[in-house]
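> This one is entry_0.txt, compact mmCIF, N, CA and C atoms and all ligand atoms.
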# COMPACT_ATOMS: atom_id res chain seq x y z
N MET A 1 0.85 -1.20 0.00
CA MET A 1 0.00 0.00 0.00
C MET A 1 0.88 1.24 0.00
N ASP A 2 0.73 2.06 -1.03
CA ASP A 2 1.63 3.19 -1.25
C ASP A 2 1.62 4.22 -0.12
N ASN A 3 0.44 4.49 0.41
CA ASN A 3 0.33 5.58 1.38
C ASN A 3 0.30 5.12 2.82
N CYS A 4 0.70 3.90 3.05
CA CYS A 4 0.60 3.34 4.40
C CYS A 4 1.94 3.46 5.12
N ILE A 5 1.93 4.16 6.25
CA ILE A 5 3.19 4.42 6.97
C ILE A 5 3.82 3.13 7.48
N PHE A 6 3.01 2.18 7.90
CA PHE A 6 3.60 0.95 8.43
C PHE A 6 4.14 0.07 7.29
N CYS A 7 3.54 0.14 6.10
CA CYS A 7 4.14 -0.54 4.94
C CYS A 7 5.49 0.10 4.62
N LYS A 8 5.56 1.41 4.73
CA LYS A 8 6.83 2.10 4.45
C LYS A 8 7.89 1.72 5.48
N ILE A 9 7.48 1.61 6.74
CA ILE A 9 8.44 1.19 7.77
C ILE A 9 8.86 -0.26 7.53
N ALA A 10 7.88 -1.13 7.25
CA ALA A 10 8.21 -2.56 7.02
C ALA A 10 9.11 -2.73 5.81
N GLY A 11 8.89 -1.88 4.80
CA GLY A 11 9.70 -1.96 3.58
C GLY A 11 11.01 -1.20 3.67
N LYS A 12 11.25 -0.61 4.85
CA LYS A 12 12.48 0.14 5.13
C LYS A 12 12.63 1.35 4.20
N HIS A 13 11.47 1.90 3.79
CA HIS A 13 11.49 3.12 2.98
C HIS A 13 11.56 4.36 3.86
N ILE A 14 11.18 4.23 5.11
CA ILE A 14 11.46 5.29 6.08
C ILE A 14 12.16 4.64 7.27
N PRO A 15 13.11 5.37 7.87
CA PRO A 15 13.93 4.75 8.91
C PRO A 15 13.15 4.46 10.19
N SER A 16 13.47 3.34 10.76
CA SER A 16 12.88 2.97 12.04
C SER A 16 13.83 1.97 12.70
N THR A 17 13.81 1.93 14.00
CA THR A 17 14.63 0.96 14.71
C THR A 17 13.75 -0.20 15.14
N PHE A 18 13.99 -1.35 14.53
CA PHE A 18 13.20 -2.53 14.87
C PHE A 18 13.74 -3.14 16.16
N ILE A 19 12.83 -3.56 17.02
CA ILE A 19 13.25 -4.37 18.17
C ILE A 19 13.09 -5.85 17.84
N TYR A 20 12.45 -6.14 16.69
CA TYR A 20 12.27 -7.53 16.26
C TYR A 20 11.95 -7.53 14.77
N GLU A 21 12.43 -8.55 14.07
CA GLU A 21 12.05 -8.75 12.67
C GLU A 21 12.18 -10.22 12.33
N ASP A 22 11.18 -10.74 11.64
CA ASP A 22 11.31 -12.05 11.00
C ASP A 22 10.62 -11.96 9.64
N ASP A 23 10.35 -13.10 9.00
CA ASP A 23 9.77 -13.07 7.65
C ASP A 23 8.38 -12.45 7.63
N ASP A 24 7.66 -12.54 8.75
CA ASP A 24 6.26 -12.12 8.77
C ASP A 24 6.01 -10.84 9.55
N LEU A 25 6.82 -10.57 10.55
CA LEU A 25 6.51 -9.52 11.52
C LEU A 25 7.68 -8.59 11.75
N ILE A 26 7.34 -7.36 12.13
CA ILE A 26 8.32 -6.44 12.69
C ILE A 26 7.75 -5.91 14.00
N ALA A 27 8.62 -5.37 14.83
CA ALA A 27 8.18 -4.68 16.05
C ALA A 27 9.09 -3.48 16.25
N PHE A 28 8.47 -2.39 16.70
CA PHE A 28 9.23 -1.16 16.95
C PHE A 28 8.52 -0.34 18.01
N HIS A 29 9.25 0.59 18.62
CA HIS A 29 8.68 1.42 19.67
C HIS A 29 7.68 2.40 19.08
N ASP A 30 6.58 2.60 19.82
CA ASP A 30 5.58 3.59 19.41
C ASP A 30 6.19 4.99 19.52
N ILE A 31 5.94 5.81 18.49
CA ILE A 31 6.52 7.15 18.45
C ILE A 31 5.91 8.07 19.52
N ASN A 32 4.73 7.72 19.99
CA ASN A 32 4.02 8.53 21.00
C ASN A 32 3.60 7.61 22.15
N PRO A 33 4.57 7.19 22.95
CA PRO A 33 4.28 6.12 23.92
C PRO A 33 3.25 6.54 24.97
N ALA A 34 2.37 5.61 25.28
CA ALA A 34 1.33 5.84 26.29
C ALA A 34 1.78 5.38 27.66
N ALA A 35 2.97 4.81 27.76
CA ALA A 35 3.48 4.27 29.02
C ALA A 35 4.99 4.14 28.88
N PRO A 36 5.68 3.84 29.97
CA PRO A 36 7.16 3.73 29.88
C PRO A 36 7.64 2.76 28.81
N ILE A 37 6.90 1.69 28.61
CA ILE A 37 7.23 0.73 27.54
C ILE A 37 6.01 0.64 26.63
N HIS A 38 6.20 0.90 25.36
CA HIS A 38 5.08 0.86 24.41
C HIS A 38 5.66 0.54 23.04
N PHE A 39 5.40 -0.68 22.60
CA PHE A 39 5.86 -1.04 21.26
C PHE A 39 4.72 -1.67 20.47
N LEU A 40 4.93 -1.77 19.18
CA LEU A 40 3.92 -2.27 18.24
C LEU A 40 4.45 -3.50 17.54
N ILE A 41 3.62 -4.52 17.43
CA ILE A 41 3.94 -5.71 16.65
C ILE A 41 3.10 -5.64 15.38
N VAL A 42 3.76 -5.67 14.24
CA VAL A 42 3.14 -5.30 12.97
C VAL A 42 3.44 -6.38 11.92
N PRO A 43 2.42 -6.91 11.24
CA PRO A 43 2.73 -7.82 10.13
C PRO A 43 3.33 -7.06 8.95
N LYS A 44 4.24 -7.70 8.24
CA LYS A 44 4.80 -7.06 7.04
C LYS A 44 3.74 -6.93 5.96
N GLN A 45 2.83 -7.90 5.92
CA GLN A 45 1.73 -7.88 4.96
C GLN A 45 0.74 -6.78 5.35
N HIS A 46 0.25 -6.04 4.37
CA HIS A 46 -0.75 -5.01 4.67
C HIS A 46 -2.12 -5.65 4.89
N ILE A 47 -2.61 -5.51 6.11
CA ILE A 47 -3.99 -5.88 6.48
C ILE A 47 -4.51 -4.65 7.20
N SER A 48 -5.67 -4.13 6.78
CA SER A 48 -6.10 -2.83 7.32
C SER A 48 -6.49 -2.90 8.79
N THR A 49 -7.32 -3.86 9.12
CA THR A 49 -7.85 -3.92 10.50
C THR A 49 -8.01 -5.38 10.92
N LEU A 50 -8.26 -5.55 12.21
CA LEU A 50 -8.55 -6.90 12.72
C LEU A 50 -9.81 -7.45 12.07
N SER A 51 -10.73 -6.56 11.71
CA SER A 51 -11.99 -7.00 11.09
C SER A 51 -11.80 -7.48 9.66
N ASP A 52 -10.62 -7.24 9.08
CA ASP A 52 -10.32 -7.76 7.75
C ASP A 52 -9.69 -9.15 7.80
N CYS A 53 -9.48 -9.65 9.00
CA CYS A 53 -8.85 -10.97 9.14
C CYS A 53 -9.90 -12.07 9.07
N ASP A 54 -9.49 -13.22 8.56
CA ASP A 54 -10.35 -14.39 8.56
C ASP A 54 -9.55 -15.58 9.10
N GLU A 55 -10.11 -16.78 8.95
CA GLU A 55 -9.45 -17.96 9.52
C GLU A 55 -8.04 -18.14 8.97
N GLY A 56 -7.84 -17.70 7.74
CA GLY A 56 -6.51 -17.83 7.14
C GLY A 56 -5.44 -17.00 7.85
N HIS A 57 -5.88 -16.00 8.57
CA HIS A 57 -4.94 -15.15 9.30
C HIS A 57 -4.66 -15.65 10.71
N ALA A 58 -5.31 -16.74 11.10
CA ALA A 58 -5.16 -17.22 12.49
C ALA A 58 -3.69 -17.50 12.85
N PRO A 59 -2.91 -18.16 11.99
CA PRO A 59 -1.50 -18.39 12.37
C PRO A 59 -0.74 -17.08 12.57
N LEU A 60 -1.00 -16.11 11.71
CA LEU A 60 -0.30 -14.82 11.84
C LEU A 60 -0.71 -14.12 13.13
N LEU A 61 -2.01 -14.11 13.42
CA LEU A 61 -2.48 -13.46 14.65
C LEU A 61 -1.95 -14.18 15.88
N GLY A 62 -1.90 -15.50 15.81
CA GLY A 62 -1.34 -16.26 16.93
C GLY A 62 0.13 -15.94 17.13
N LYS A 63 0.83 -15.81 16.02
CA LYS A 63 2.25 -15.47 16.11
C LYS A 63 2.45 -14.09 16.74
N MET A 64 1.59 -13.13 16.36
CA MET A 64 1.68 -11.79 16.95
C MET A 64 1.44 -11.85 18.45
N MET A 65 0.40 -12.58 18.86
CA MET A 65 0.08 -12.64 20.28
C MET A 65 1.18 -13.32 21.08
N LEU A 66 1.75 -14.38 20.52
CA LEU A 66 2.78 -15.11 21.26
C LEU A 66 4.10 -14.37 21.30
N LEU A 67 4.29 -13.47 20.35
CA LEU A 67 5.52 -12.65 20.37
C LEU A 67 5.45 -11.60 21.48
N ALA A 68 4.23 -11.17 21.82
CA ALA A 68 4.09 -10.08 22.80
C ALA A 68 4.81 -10.37 24.12
N PRO A 69 4.56 -11.51 24.79
CA PRO A 69 5.26 -11.73 26.07
C PRO A 69 6.76 -11.91 25.92
N LYS A 70 7.19 -12.43 24.78
CA LYS A 70 8.64 -12.59 24.57
C LYS A 70 9.31 -11.22 24.48
N LEU A 71 8.72 -10.34 23.69
CA LEU A 71 9.32 -9.00 23.56
C LEU A 71 9.12 -8.19 24.84
N ALA A 72 7.99 -8.41 25.53
CA ALA A 72 7.78 -7.73 26.81
C ALA A 72 8.90 -8.10 27.78
N GLN A 73 9.28 -9.35 27.78
CA GLN A 73 10.40 -9.79 28.63
C GLN A 73 11.67 -9.04 28.26
N GLU A 74 11.96 -8.98 26.98
CA GLU A 74 13.19 -8.29 26.53
C GLU A 74 13.15 -6.80 26.84
N GLN A 75 11.95 -6.22 26.76
CA GLN A 75 11.83 -4.77 26.92
C GLN A 75 11.66 -4.35 28.38
N GLY A 76 11.53 -5.33 29.29
CA GLY A 76 11.52 -5.01 30.71
C GLY A 76 10.16 -4.93 31.36
N CYS A 77 9.13 -5.55 30.75
CA CYS A 77 7.81 -5.54 31.38
C CYS A 77 7.21 -6.94 31.41
N ALA A 78 8.05 -7.92 31.69
CA ALA A 78 7.56 -9.29 31.78
C ALA A 78 6.59 -9.44 32.95
N TYR A 79 5.69 -10.36 32.83
CA TYR A 79 4.86 -10.78 33.96
C TYR A 79 5.56 -11.93 34.65
N SER A 80 5.61 -11.87 35.98
CA SER A 80 6.24 -12.96 36.72
C SER A 80 5.48 -13.19 38.02
N ILE A 81 5.73 -14.34 38.62
CA ILE A 81 5.14 -14.67 39.92
C ILE A 81 6.28 -14.94 40.88
N ASP A 82 6.28 -14.22 42.02
CA ASP A 82 7.40 -14.37 42.94
C ASP A 82 7.20 -15.60 43.83
N SER A 83 8.17 -15.84 44.69
CA SER A 83 8.15 -17.07 45.50
C SER A 83 6.96 -17.10 46.46
N ASP A 84 6.37 -15.95 46.75
CA ASP A 84 5.18 -15.91 47.61
C ASP A 84 3.89 -16.03 46.81
N GLY A 85 4.03 -16.24 45.51
CA GLY A 85 2.84 -16.39 44.67
C GLY A 85 2.24 -15.09 44.22
N ARG A 86 2.94 -13.99 44.47
CA ARG A 86 2.41 -12.68 44.05
C ARG A 86 2.85 -12.38 42.62
N GLY A 87 1.92 -11.91 41.83
CA GLY A 87 2.25 -11.50 40.47
C GLY A 87 2.93 -10.15 40.45
N ALA A 88 3.81 -9.96 39.48
CA ALA A 88 4.50 -8.67 39.33
C ALA A 88 4.70 -8.38 37.85
N GLY A 89 4.86 -7.10 37.56
CA GLY A 89 5.09 -6.69 36.18
C GLY A 89 3.84 -6.89 35.34
N GLY A 90 4.03 -7.00 34.05
CA GLY A 90 2.92 -7.24 33.15
C GLY A 90 2.71 -6.09 32.18
N PHE A 91 1.75 -6.27 31.33
CA PHE A 91 1.57 -5.35 30.21
C PHE A 91 0.16 -5.50 29.66
N LYS A 92 -0.24 -4.51 28.86
CA LYS A 92 -1.49 -4.56 28.12
C LYS A 92 -1.21 -4.97 26.69
N THR A 93 -2.13 -5.70 26.08
CA THR A 93 -2.07 -5.96 24.64
C THR A 93 -3.38 -5.45 24.04
N LEU A 94 -3.27 -4.75 22.94
CA LEU A 94 -4.42 -3.99 22.44
C LEU A 94 -4.40 -3.89 20.92
N PHE A 95 -5.52 -4.28 20.31
CA PHE A 95 -5.78 -3.97 18.90
C PHE A 95 -6.86 -2.90 18.87
N ASN A 96 -6.62 -1.76 18.29
CA ASN A 96 -7.66 -0.78 18.05
C ASN A 96 -8.24 -1.04 16.65
N THR A 97 -9.56 -1.03 16.57
CA THR A 97 -10.21 -1.32 15.29
C THR A 97 -11.25 -0.26 14.95
N GLY A 98 -11.02 0.44 13.84
CA GLY A 98 -11.99 1.40 13.33
C GLY A 98 -12.04 2.68 14.15
N PRO A 99 -12.82 3.65 13.67
CA PRO A 99 -12.91 4.95 14.33
C PRO A 99 -13.34 4.85 15.79
N ASP A 100 -14.34 4.04 16.06
CA ASP A 100 -14.81 3.94 17.45
C ASP A 100 -13.85 3.14 18.32
N GLY A 101 -12.96 2.39 17.68
CA GLY A 101 -11.92 1.69 18.43
C GLY A 101 -10.66 2.51 18.60
N GLY A 102 -10.68 3.73 18.06
CA GLY A 102 -9.52 4.61 18.22
C GLY A 102 -8.38 4.31 17.27
N GLN A 103 -8.67 3.60 16.17
CA GLN A 103 -7.59 3.26 15.23
C GLN A 103 -7.18 4.48 14.41
N GLU A 104 -5.88 4.75 14.40
CA GLU A 104 -5.33 5.88 13.64
C GLU A 104 -4.58 5.41 12.41
N VAL A 105 -3.90 4.29 12.52
CA VAL A 105 -3.12 3.76 11.40
C VAL A 105 -3.81 2.48 10.92
N TYR A 106 -4.24 2.51 9.66
CA TYR A 106 -5.03 1.40 9.13
C TYR A 106 -4.12 0.35 8.48
N HIS A 107 -3.21 -0.13 9.30
CA HIS A 107 -2.38 -1.31 9.01
C HIS A 107 -2.32 -2.05 10.34
N LEU A 108 -2.82 -3.25 10.34
CA LEU A 108 -2.96 -4.03 11.57
C LEU A 108 -1.73 -3.92 12.46
N HIS A 109 -1.93 -3.71 13.75
CA HIS A 109 -0.83 -3.69 14.70
C HIS A 109 -1.34 -4.01 16.09
N LEU A 110 -0.48 -4.65 16.85
CA LEU A 110 -0.78 -5.00 18.23
C LEU A 110 0.06 -4.12 19.15
N HIS A 111 -0.64 -3.31 19.95
CA HIS A 111 0.07 -2.50 20.95
C HIS A 111 0.47 -3.39 22.12
N VAL A 112 1.68 -3.21 22.61
CA VAL A 112 2.10 -3.83 23.87
C VAL A 112 2.57 -2.68 24.77
N ILE A 113 1.87 -2.53 25.89
CA ILE A 113 2.03 -1.34 26.73
C ILE A 113 2.33 -1.81 28.15
N GLY A 114 3.49 -1.41 28.65
CA GLY A 114 3.88 -1.89 29.97
C GLY A 114 4.76 -0.90 30.70
N GLY A 115 5.38 -1.39 31.75
CA GLY A 115 6.16 -0.53 32.62
C GLY A 115 5.36 -0.22 33.86
N PRO A 116 5.93 0.57 34.77
CA PRO A 116 5.20 0.88 36.00
C PRO A 116 3.87 1.56 35.70
N HIS A 117 2.79 0.99 36.26
CA HIS A 117 1.44 1.55 36.12
C HIS A 117 1.09 1.88 34.67
N PRO A 118 1.15 0.91 33.78
CA PRO A 118 0.89 1.20 32.36
C PRO A 118 -0.54 1.63 32.09
N TRP A 119 -1.44 1.39 33.07
CA TRP A 119 -2.83 1.78 32.82
C TRP A 119 -3.03 3.29 32.96
N ARG A 120 -2.07 4.00 33.57
CA ARG A 120 -2.20 5.46 33.65
C ARG A 120 -1.88 6.05 32.28
N GLY A 121 -2.74 6.91 31.84
CA GLY A 121 -2.54 7.50 30.53
C GLY A 121 -2.88 6.56 29.41
N GLN A 122 -3.63 5.49 29.73
CA GLN A 122 -3.97 4.52 28.69
C GLN A 122 -4.89 5.15 27.66
N ARG A 123 -4.94 4.55 26.49
CA ARG A 123 -5.84 5.03 25.46
C ARG A 123 -6.90 3.99 25.21
P1 LIG B 201 -3.75 3.10 16.52
O1 LIG B 201 -4.48 4.23 17.16
O2 LIG B 201 -4.05 1.77 17.18
O3 LIG B 201 -3.93 3.06 15.04
O4 LIG B 201 -2.24 3.35 16.86
C1 LIG B 201 -1.30 3.81 15.93
C2 LIG B 201 -0.06 4.04 16.71
O5 LIG B 201 1.02 4.20 15.80
C3 LIG B 201 -0.08 5.28 17.59
O6 LIG B 201 0.13 4.89 18.96
C4 LIG B 201 1.05 6.14 17.05
O7 LIG B 201 1.74 6.82 18.06
C5 LIG B 201 1.92 5.11 16.35
N1 LIG B 201 2.72 5.61 15.25
C6 LIG B 201 2.32 6.36 14.19
N2 LIG B 201 3.34 6.60 13.36
C7 LIG B 201 4.43 5.98 13.89
C8 LIG B 201 5.79 5.87 13.50
N3 LIG B 201 6.26 6.44 12.38
N4 LIG B 201 6.63 5.16 14.29
C9 LIG B 201 6.16 4.58 15.43
N5 LIG B 201 4.89 4.66 15.84
C10 LIG B 201 4.03 5.35 15.09
ZN ZN B 202 0.29 -1.06 5.29
What does the file become when written as structure tokens?
Ligand code: AMP
Ligand code: ZN


Amino acid sequence: MDNCIFCKIAGKHIPSTFIYEDDDLIAFHDINPAAPIHFLIVPKQHISTLSDCDEGHAPLLGKMMLLAPKLAQEQGCAYSIDSDGRGAGGFKTLFNTGPDGGQEVYHLHLHVIGGPHPWRGQR
């Protein structure tokens, strides 16, 4: 898609620092972070919204979801359980879909939002 910013980033037509890349996905920090840690997991393939996905996209969506905790660990917002059984850390995962879902960029992406009190300033 010619006018899609995330296609341009995925195609390396505009500079960006990837925190992850494989054949299907890229991940990079959100330019306007809503929390101390905020990155996006983005398919290289242009898909406008989650509502444009069908059963054929299930492996890709599963891969995006499973990448979230791995990158959260690397980025410093892993969820863990301490020896007393108390949970610590953690993050939000979010797909915005359409105008009422607050979607601004119409290229599918999964927000991963974490760090201390990531729910403050949430969108
Ligand atoms: P959404 O509202 O779900 O469509 O979110 C789009 C997100 O993309 C917003 O959080 C923006 O801050 C982010 N964003 C837009 N352009 C860029 C960019 N060039 N690099 C990194 N993040 C971006
Ligand atoms: Zn695109």

> List all protein, DNA and RNA residues that have at least one atom no more than 5 Å from any atom of ligand LIG 201 (chain B), counting only N, CA and C atoms and all ligand atoms, and write them as a list in words.

His29, Asp30, Ile31, Asn32, Asn96, Gly102, Gln103, Glu104 and Val105 of chain A

> Around ligand ZN 202 (chain B), out to 8 Å and counting all atoms listed in the file, which residues are there? I want them as a VMD selection string.

chain A and resid 1 to 10 43 to 48 105 to 108

> Could you please determine the separation between atom N of Glu21 in chain A and atom C of Leu40 in chain A in Å, to one decimal place?

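Between atom N of Glu21 in chain A and atom C of Leu40 in chain A the gap works out to 10.1 Å.
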
> Record the distance separating atom C of Asp84 in chain A and CA of His117 in chain A, expressed in Å with one decimal.

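Interatomic distance here is 20.7 Å.
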
> Residues near range 62-66 of chain A, anyone? I mean within 8 Å using only N, CA and C atoms, not counting same-chain ones fewer than 3 positions away, as a list in words.

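Contacts, with the query itself left out: Leu25, Ile41, Val42, Pro43, His57, Ala58, Pro59, Pro69, Lys70, Leu71 and Leu110 of chain A.
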
> Using only C-alpha atoms, which residue out of A:Lys92, A:Leu67, A:Phe18, A:Pro99 lies closest to Ala35 in chain A?

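Closest to Ala35 in chain A of all the choices is A:Lys92.
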
> For Ala68 in chain A, please output as a compact mmCIF listing (two decimals) with N, CA and C atoms, in the coordinates of the input all residues within 12 Å (counting only C-alpha atoms; exclusion window: fewer than 4 positions along the same chain).


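Here's the written file part-v8.txt:
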# COMPACT_ATOMS: atom_id res chain seq x y z
N ILE A 19 12.83 -3.56 17.02
CA ILE A 19 13.25 -4.37 18.17
C ILE A 19 13.09 -5.85 17.84
N TYR A 20 12.45 -6.14 16.69
CA TYR A 20 12.27 -7.53 16.26
C TYR A 20 11.95 -7.53 14.77
N LEU A 25 6.82 -10.57 10.55
CA LEU A 25 6.51 -9.52 11.52
C LEU A 25 7.68 -8.59 11.75
N ILE A 26 7.34 -7.36 12.13
CA ILE A 26 8.32 -6.44 12.69
C ILE A 26 7.75 -5.91 14.00
N ALA A 27 8.62 -5.37 14.83
CA ALA A 27 8.18 -4.68 16.05
C ALA A 27 9.09 -3.48 16.25
N PHE A 28 8.47 -2.39 16.70
CA PHE A 28 9.23 -1.16 16.95
C PHE A 28 8.52 -0.34 18.01
N HIS A 38 6.20 0.90 25.36
CA HIS A 38 5.08 0.86 24.41
C HIS A 38 5.66 0.54 23.04
N PHE A 39 5.40 -0.68 22.60
CA PHE A 39 5.86 -1.04 21.26
C PHE A 39 4.72 -1.67 20.47
N LEU A 40 4.93 -1.77 19.18
CA LEU A 40 3.92 -2.27 18.24
C LEU A 40 4.45 -3.50 17.54
N ILE A 41 3.62 -4.52 17.43
CA ILE A 41 3.94 -5.71 16.65
C ILE A 41 3.10 -5.64 15.38
N VAL A 42 3.76 -5.67 14.24
CA VAL A 42 3.14 -5.30 12.97
C VAL A 42 3.44 -6.38 11.92
N LEU A 61 -2.01 -14.11 13.42
CA LEU A 61 -2.48 -13.46 14.65
C LEU A 61 -1.95 -14.18 15.88
N GLY A 62 -1.90 -15.50 15.81
CA GLY A 62 -1.34 -16.26 16.93
C GLY A 62 0.13 -15.94 17.13
N LYS A 63 0.83 -15.81 16.02
CA LYS A 63 2.25 -15.47 16.11
C LYS A 63 2.45 -14.09 16.74
N MET A 64 1.59 -13.13 16.36
CA MET A 64 1.68 -11.79 16.95
C MET A 64 1.44 -11.85 18.45
N ALA A 72 7.99 -8.41 25.53
CA ALA A 72 7.78 -7.73 26.81
C ALA A 72 8.90 -8.10 27.78
N GLN A 73 9.28 -9.35 27.78
CA GLN A 73 10.40 -9.79 28.63
C GLN A 73 11.67 -9.04 28.26
N GLU A 74 11.96 -8.98 26.98
CA GLU A 74 13.19 -8.29 26.53
C GLU A 74 13.15 -6.80 26.84
N GLN A 75 11.95 -6.22 26.76
CA GLN A 75 11.83 -4.77 26.92
C GLN A 75 11.66 -4.35 28.38
N GLY A 76 11.53 -5.33 29.29
CA GLY A 76 11.52 -5.01 30.71
C GLY A 76 10.16 -4.93 31.36
N CYS A 77 9.13 -5.55 30.75
CA CYS A 77 7.81 -5.54 31.38
C CYS A 77 7.21 -6.94 31.41
N ALA A 78 8.05 -7.92 31.69
CA ALA A 78 7.56 -9.29 31.78
C ALA A 78 6.59 -9.44 32.95
N TYR A 79 5.69 -10.36 32.83
CA TYR A 79 4.86 -10.78 33.96
C TYR A 79 5.56 -11.93 34.65
N GLY A 90 4.03 -7.00 34.05
CA GLY A 90 2.92 -7.24 33.15
C GLY A 90 2.71 -6.09 32.18
N PHE A 91 1.75 -6.27 31.33
CA PHE A 91 1.57 -5.35 30.21
C PHE A 91 0.16 -5.50 29.66
N LYS A 92 -0.24 -4.51 28.86
CA LYS A 92 -1.49 -4.56 28.12
C LYS A 92 -1.21 -4.97 26.69
N THR A 93 -2.13 -5.70 26.08
CA THR A 93 -2.07 -5.96 24.64
C THR A 93 -3.38 -5.45 24.04
N LEU A 94 -3.27 -4.75 22.94
CA LEU A 94 -4.42 -3.99 22.44
C LEU A 94 -4.40 -3.89 20.92
N HIS A 109 -1.93 -3.71 13.75
CA HIS A 109 -0.83 -3.69 14.70
C HIS A 109 -1.34 -4.01 16.09
N LEU A 110 -0.48 -4.65 16.85
CA LEU A 110 -0.78 -5.00 18.23
C LEU A 110 0.06 -4.12 19.15
N HIS A 111 -0.64 -3.31 19.95
CA HIS A 111 0.07 -2.50 20.95
C HIS A 111 0.47 -3.39 22.12
N VAL A 112 1.68 -3.21 22.61
CA VAL A 112 2.10 -3.83 23.87
C VAL A 112 2.57 -2.68 24.77
N ILE A 113 1.87 -2.53 25.89
CA ILE A 113 2.03 -1.34 26.73
C ILE A 113 2.33 -1.81 28.15
N GLY A 114 3.49 -1.41 28.65
CA GLY A 114 3.88 -1.89 29.97
C GLY A 114 4.76 -0.90 30.70

> Take CA of Gly98 in chain A and atom C of Leu60 in chain A and report the distance between them in Å, one decimal.

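Atom-to-atom, CA of Gly98 in chain A to atom C of Leu60 in chain A, that is 19.2 Å.
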
> From a DSSP calculation on the backbone, collect every residue of chain A in alpha helix (DSSP H) and output the set as a list in words.

Ile5, Phe6, Cys7, Lys8, Ile9, Ala10, Ala58, Pro59, Leu60, Leu61, Gly62, Lys63, Met64, Met65, Leu66, Leu67, Ala68, Pro69, Lys70, Leu71, Ala72, Gln73, Glu74 and Gln75 of chain A

> Please return the centre and edge lengths, in Å to one decimal, of a box with edges along x, y and z that contains all listed atoms of range 62-77 of chain A, widened by 5 Å on every side, as AutoDock Vina command-line options.


--center_x 5.6 --center_y -10.3 --center_z 23.6 --size_x 25.1 --size_y 21.9 --size_z 25.6

> Step one, run DSSP on the backbone; step two, keep only residues of range 28-93 of chain A assigned to strand (DSSP E); then write them as JSON, numbers by chain.

{"A": [28, 29, 37, 38, 39, 40, 41, 42, 43, 79, 80, 81, 87, 88, 89, 91, 92, 93]}

> If you keep N, CA and C atoms, can you produce a file of those selected residues as a tab-separated table (two decimals), in the frame of the given file?


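Saved the output as again-v1.tsv:
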chain	number	residue	atom	x	y	z
A	28	PHE	N	8.47	-2.39	16.70
A	28	PHE	CA	9.23	-1.16	16.95
A	28	PHE	C	8.52	-0.34	18.01
A	29	HIS	N	9.25	0.59	18.62
A	29	HIS	CA	8.68	1.42	19.67
A	29	HIS	C	7.68	2.40	19.08
A	37	ILE	N	6.90	1.69	28.61
A	37	ILE	CA	7.23	0.73	27.54
A	37	ILE	C	6.01	0.64	26.63
A	38	HIS	N	6.20	0.90	25.36
A	38	HIS	CA	5.08	0.86	24.41
A	38	HIS	C	5.66	0.54	23.04
A	39	PHE	N	5.40	-0.68	22.60
A	39	PHE	CA	5.86	-1.04	21.26
A	39	PHE	C	4.72	-1.67	20.47
A	40	LEU	N	4.93	-1.77	19.18
A	40	LEU	CA	3.92	-2.27	18.24
A	40	LEU	C	4.45	-3.50	17.54
A	41	ILE	N	3.62	-4.52	17.43
A	41	ILE	CA	3.94	-5.71	16.65
A	41	ILE	C	3.10	-5.64	15.38
A	42	VAL	N	3.76	-5.67	14.24
A	42	VAL	CA	3.14	-5.30	12.97
A	42	VAL	C	3.44	-6.38	11.92
A	43	PRO	N	2.42	-6.91	11.24
A	43	PRO	CA	2.73	-7.82	10.13
A	43	PRO	C	3.33	-7.06	8.95
A	79	TYR	N	5.69	-10.36	32.83
A	79	TYR	CA	4.86	-10.78	33.96
A	79	TYR	C	5.56	-11.93	34.65
A	80	SER	N	5.61	-11.87	35.98
A	80	SER	CA	6.24	-12.96	36.72
A	80	SER	C	5.48	-13.19	38.02
A	81	ILE	N	5.73	-14.34	38.62
A	81	ILE	CA	5.14	-14.67	39.92
A	81	ILE	C	6.28	-14.94	40.88
A	87	GLY	N	1.92	-11.91	41.83
A	87	GLY	CA	2.25	-11.50	40.47
A	87	GLY	C	2.93	-10.15	40.45
A	88	ALA	N	3.81	-9.96	39.48
A	88	ALA	CA	4.50	-8.67	39.33
A	88	ALA	C	4.70	-8.38	37.85
A	89	GLY	N	4.86	-7.10	37.56
A	89	GLY	CA	5.09	-6.69	36.18
A	89	GLY	C	3.84	-6.89	35.34
A	91	PHE	N	1.75	-6.27	31.33
A	91	PHE	CA	1.57	-5.35	30.21
A	91	PHE	C	0.16	-5.50	29.66
A	92	LYS	N	-0.24	-4.51	28.86
A	92	LYS	CA	-1.49	-4.56	28.12
A	92	LYS	C	-1.21	-4.97	26.69
A	93	THR	N	-2.13	-5.70	26.08
A	93	THR	CA	-2.07	-5.96	24.64
A	93	THR	C	-3.38	-5.45	24.04

> What would range 85-89 of chain A look like with N, CA, C and O atoms restored, written as a PDB file, in the frame of the given file?


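Result written to result26.pdb:
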ATOM      1  N   GLY A  85       4.030 -16.240  45.510  1.00  0.00           N
ATOM      2  CA  GLY A  85       2.840 -16.390  44.670  1.00  0.00           C
ATOM      3  C   GLY A  85       2.240 -15.090  44.220  1.00  0.00           C
ATOM      4  O   GLY A  85       1.149 -15.069  43.648  1.00  0.00           O
ATOM      5  N   ARG A  86       2.940 -13.990  44.470  1.00  0.00           N
ATOM      6  CA  ARG A  86       2.410 -12.680  44.050  1.00  0.00           C
ATOM      7  C   ARG A  86       2.850 -12.380  42.620  1.00  0.00           C
ATOM      8  O   ARG A  86       4.027 -12.541  42.280  1.00  0.00           O
ATOM      9  N   GLY A  87       1.920 -11.910  41.830  1.00  0.00           N
ATOM     10  CA  GLY A  87       2.250 -11.500  40.470  1.00  0.00           C
ATOM     11  C   GLY A  87       2.930 -10.150  40.450  1.00  0.00           C
ATOM     12  O   GLY A  87       2.657  -9.289  41.293  1.00  0.00           O
ATOM     13  N   ALA A  88       3.810  -9.960  39.480  1.00  0.00           N
ATOM     14  CA  ALA A  88       4.500  -8.670  39.330  1.00  0.00           C
ATOM     15  C   ALA A  88       4.700  -8.380  37.850  1.00  0.00           C
ATOM     16  O   ALA A  88       4.703  -9.283  37.018  1.00  0.00           O
ATOM     17  N   GLY A  89       4.860  -7.100  37.560  1.00  0.00           N
ATOM     18  CA  GLY A  89       5.090  -6.690  36.180  1.00  0.00           C
ATOM     19  C   GLY A  89       3.840  -6.890  35.340  1.00  0.00           C
ATOM     20  O   GLY A  89       2.722  -6.955  35.836  1.00  0.00           O
TER      21      GLY A  89
END
